[in-house]
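Report on the structure given below.
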Amino acid sequence: PTPPVEEYAKLDGLTGKADSEEPTGEGAGQGTADKALDGNASTFWHTKWEDDDATAAKAEYETDENGNATKLTANNTYTITLAKASTVTSLTYMPRNHYDGSGNIANGAISECEVYVSTDHGKNWTLAGKAEGETAWNYVKKTEDGADQNFVEKTITFDQAYTGITKVKIEAIKTAGPQPNQFINAAEFGVIGKEEAEDTRKAVVAPKISATAPVVDAAPADATSLDNVDNAQVFG
């Protein structure tokens with residue numbers, strides 16, 4: 001018989017945490033990490049860019065000899081926690097749907113990234129897929145041909161189906177915008193997979209069996225001993 005086809009879909013109940021987020025600069029209800037998993041493409045997460053909090057982490061990047069940012073290097077990850085251990089096959093991404101005044105896509109649209117998976121809640125990570133080089137996501141100006149593809153959901157298909165996954169991590173390497181490779185944004189992330197059935201098998205524990213050997217020639221517990229005639233009463 002033909003084996004059943006595995007059915008995978010977007011997983012529900014995802015929660016996210018980012019190295020950096022912008023809770024104030026993008027306006028009310030925007031910029032925080034949870035906005036990338038709220039099911040609403042009009043909200044978005046964005047890395048920190050305002051200078052109102054010196055303790056808040058900002059994405060870090062390398063620069064060339066001219067001071068231009070070439071790639072992100074630190075505070076550049078977004079980690080998704082799955083509701084249950086799952087088999088996962090791919091990651092989806094939608095950038096923030098916005099252009100600047102010159103028609104450039106907004107800062108932070110991911111063009112190159114690596115995706116890692118973990119079976120032990122983030123203690124160890126395995127590279128599962130990436131977008132880079134020929135598979136990088138490219139963006140064009142609002143008025144150019146192909147602009148209708150800028151905000152289409154993008155997918156990274158993993159090199160295999162990974163089982164027992166509890167967390168998925170996106171590490172952004174390059175991003176687009178008027179200030180490329182300095183910021184990161186996401187309108188929505190998604191994880192394609194299937195929750196794994198809980199193992200309902202229980203260990204069988206043998207019952208304890210205890211026995212007390214009988215005492216030979218022992219009198220019944222409720223019998224009166226006549227050995228001590230001084231304490232016995234004889235009726236007759």
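Here's how to read the names in the structure tokens: chain A, B, ... by the order shown, residue numbers from 1 in each chain, ligand numbers from 1 in the order shown.
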
Give me the residues within 6 Å of Thr175 of chain A as a short mmCIF file (atom, residue, chain, number, x, y, z; two decimals) with N, CA and C atoms, in the first residue's frame, counting only C-alpha atoms and dropping any in the same chain fewer than 3 places off.
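Result saved to part20.cif:
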```cif
data_model
loop_
_atom_site.label_atom_id
_atom_site.label_comp_id
_atom_site.auth_asym_id
_atom_site.auth_seq_id
_atom_site.Cartn_x
_atom_site.Cartn_y
_atom_site.Cartn_z
N GLY A 108 15.27 47.23 6.91
CA GLY A 108 15.18 46.01 7.70
C GLY A 108 14.56 44.81 7.02
N ALA A 109 14.09 44.93 5.77
CA ALA A 109 13.54 43.76 5.08
C ALA A 109 14.65 42.73 4.88
N ILE A 110 14.45 41.53 5.38
CA ILE A 110 15.50 40.51 5.34
C ILE A 110 15.74 40.04 3.91
N SER A 111 17.01 40.05 3.50
CA SER A 111 17.37 39.52 2.19
C SER A 111 18.18 38.23 2.31
N PRO A 180 20.87 49.83 4.34
CA PRO A 180 20.92 48.35 4.33
C PRO A 180 21.84 47.79 5.41
N ASN A 181 21.51 46.59 5.87
CA ASN A 181 22.35 45.80 6.78
C ASN A 181 22.55 46.44 8.15
#
```

**Request:** Extract, using only C-alpha atoms, all DNA, RNA and protein residues at most 7 Å from segment 187-190 of chain A, discarding same-chain residues fewer than 6 positions from it, and format them as a count of residues only.
**Result:** 16

**Message:** Can you pull out the residues contacting segment 149-165 of chain A? Cut-off 10 Å, using only C-alpha atoms, and skip same-chain residues under 4 positions away; I want them as a ChimeraX atom specification.
**Reply:** /A:41,81-82,84-98,105,109,113-122,126-131,135-142,145,187-196

Take the residues that were just selected and, keeping C-alpha atoms, output them as a short mmCIF file (atom, residue, chain, number, x, y, z; two decimals), in the first residue's frame.
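Below is the file that was written, result_1.cif:
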```cif
data_model
loop_
_atom_site.label_atom_id
_atom_site.label_comp_id
_atom_site.auth_asym_id
_atom_site.auth_seq_id
_atom_site.Cartn_x
_atom_site.Cartn_y
_atom_site.Cartn_z
CA ALA A 41 0.52 41.57 8.37
CA THR A 81 9.09 28.88 20.62
CA LEU A 82 6.66 26.21 19.42
CA LYS A 84 4.52 21.62 21.31
CA ALA A 85 7.41 19.59 20.01
CA SER A 86 6.85 19.33 16.26
CA THR A 87 8.19 18.06 12.98
CA VAL A 88 9.08 21.15 10.94
CA THR A 89 9.84 21.55 7.24
CA SER A 90 10.11 25.28 6.47
CA LEU A 91 9.96 28.89 7.62
CA THR A 92 7.90 31.69 6.09
CA TYR A 93 8.59 35.42 6.21
CA MET A 94 6.81 38.62 5.25
CA PRO A 95 8.64 41.95 5.51
CA ARG A 96 7.03 45.15 6.74
CA ASN A 97 4.74 46.52 4.03
CA HIS A 98 6.10 50.03 3.66
CA ILE A 105 11.41 49.36 0.74
CA ALA A 109 13.54 43.76 5.08
CA CYS A 113 19.43 34.82 6.71
CA GLU A 114 20.07 31.45 8.31
CA VAL A 115 17.45 29.37 10.11
CA TYR A 116 18.31 27.05 12.99
CA VAL A 117 16.24 24.47 14.86
CA SER A 118 16.54 23.06 18.36
CA THR A 119 15.18 19.95 20.07
CA ASP A 120 16.30 20.97 23.58
CA HIS A 121 14.71 24.39 24.03
CA GLY A 122 17.63 26.33 22.62
CA THR A 126 21.23 22.85 13.98
CA LEU A 127 21.33 24.81 10.72
CA ALA A 128 18.21 23.76 8.79
CA GLY A 129 18.06 26.23 5.88
CA LYS A 130 19.11 29.63 4.61
CA ALA A 131 18.50 32.34 2.07
CA THR A 135 18.32 32.16 -3.02
CA ALA A 136 18.45 35.59 -1.35
CA TRP A 137 15.26 37.65 -1.28
CA ASN A 138 15.58 40.71 -3.47
CA TYR A 139 13.51 43.89 -3.37
CA VAL A 140 12.99 46.67 -5.91
CA LYS A 141 11.69 50.21 -5.75
CA LYS A 142 7.98 50.83 -5.60
CA ASP A 145 8.87 45.98 -12.35
CA ALA A 187 5.50 41.68 9.56
CA GLU A 188 5.06 37.93 10.03
CA PHE A 189 7.08 34.79 10.60
CA GLY A 190 5.57 31.34 10.26
CA VAL A 191 6.72 27.77 10.82
CA ILE A 192 5.41 24.97 8.61
CA GLY A 193 5.17 21.62 10.30
CA LYS A 194 3.06 19.19 12.28
CA GLU A 195 2.70 18.79 16.01
CA GLU A 196 3.89 15.41 17.18
#
```

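Of the listed residues A:Tyr8, A:Tyr78, A:Tyr61, A:Trp125, the one whose atoms come nearest to Asn185 of chain A is A:Tyr78, with distances taken using only C-alpha atoms.
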
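Atom CA of Ile173 of chain A to atom CA of Glu62 of chain A spans 10.4 Å [interatomic distance, one decimal].
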
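Taking only C-alpha atoms into account, Glu60 of chain A lies nearest to A:Asn75 out of the set A:Asn75, A:Asn107, A:Thr15, A:Gln30.
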
**Request:** Work out how far atom CA of Thr77 of chain A is from atom CA of Gly27 of chain A, in Å to one decimal.
**Result:** 22.3 Å

**Prompt:** Could you pull out all residues of segment 40-152 of chain A with a DSSP call of strand (DSSP E or B) and give them as number ranges by chain?
**Reply:** A: 45-46, 60-63, 69-74, 77-94, 99, 105, 109-118, 126-131

**Message:** Run DSSP on the backbone and tell me which residues of segment 106-212 of chain A come out as helix (DSSP H, G or I); list them as a PyMOL selection string.
**Reply:** chain A and resi 133-135+147-149

Would you write out those residues with all heavy atoms, as a short mmCIF file (atom, residue, chain, number, x, y, z; two decimals), in the first residue's frame?
```
data_model
loop_
_atom_site.label_atom_id
_atom_site.label_comp_id
_atom_site.auth_asym_id
_atom_site.auth_seq_id
_atom_site.Cartn_x
_atom_site.Cartn_y
_atom_site.Cartn_z
N GLY A 133 22.90 34.37 -1.46
CA GLY A 133 23.35 34.26 -2.84
C GLY A 133 22.19 34.18 -3.81
O GLY A 133 21.33 35.07 -3.84
N GLU A 134 22.11 33.10 -4.57
CA GLU A 134 21.06 32.95 -5.56
C GLU A 134 19.68 32.78 -4.94
O GLU A 134 18.67 33.03 -5.59
CB GLU A 134 21.36 31.75 -6.47
CG GLU A 134 22.60 31.93 -7.35
CD GLU A 134 22.82 30.75 -8.28
OE1 GLU A 134 22.05 29.77 -8.17
OE2 GLU A 134 23.76 30.81 -9.09
N THR A 135 19.62 32.35 -3.68
CA THR A 135 18.32 32.16 -3.02
C THR A 135 17.94 33.34 -2.13
O THR A 135 16.95 33.28 -1.40
CB THR A 135 18.32 30.87 -2.19
OG1 THR A 135 19.33 30.97 -1.17
CG2 THR A 135 18.58 29.65 -3.06
N ALA A 147 7.81 44.99 -8.27
CA ALA A 147 7.49 45.52 -6.95
C ALA A 147 6.33 44.78 -6.29
O ALA A 147 6.23 44.74 -5.06
CB ALA A 147 7.17 47.01 -7.06
N ASP A 148 5.48 44.17 -7.11
CA ASP A 148 4.35 43.43 -6.56
C ASP A 148 4.80 42.18 -5.80
O ASP A 148 4.01 41.57 -5.08
CB ASP A 148 3.37 43.05 -7.66
CG ASP A 148 4.00 42.19 -8.73
OD1 ASP A 148 5.23 42.30 -8.95
OD2 ASP A 148 3.27 41.41 -9.37
N GLN A 149 6.07 41.80 -5.95
CA GLN A 149 6.61 40.63 -5.25
C GLN A 149 7.31 40.99 -3.94
O GLN A 149 7.68 40.10 -3.18
CB GLN A 149 7.59 39.89 -6.16
CG GLN A 149 6.95 39.32 -7.42
CD GLN A 149 5.84 38.34 -7.12
OE1 GLN A 149 6.07 37.35 -6.41
NE2 GLN A 149 4.65 38.59 -7.64
#
```
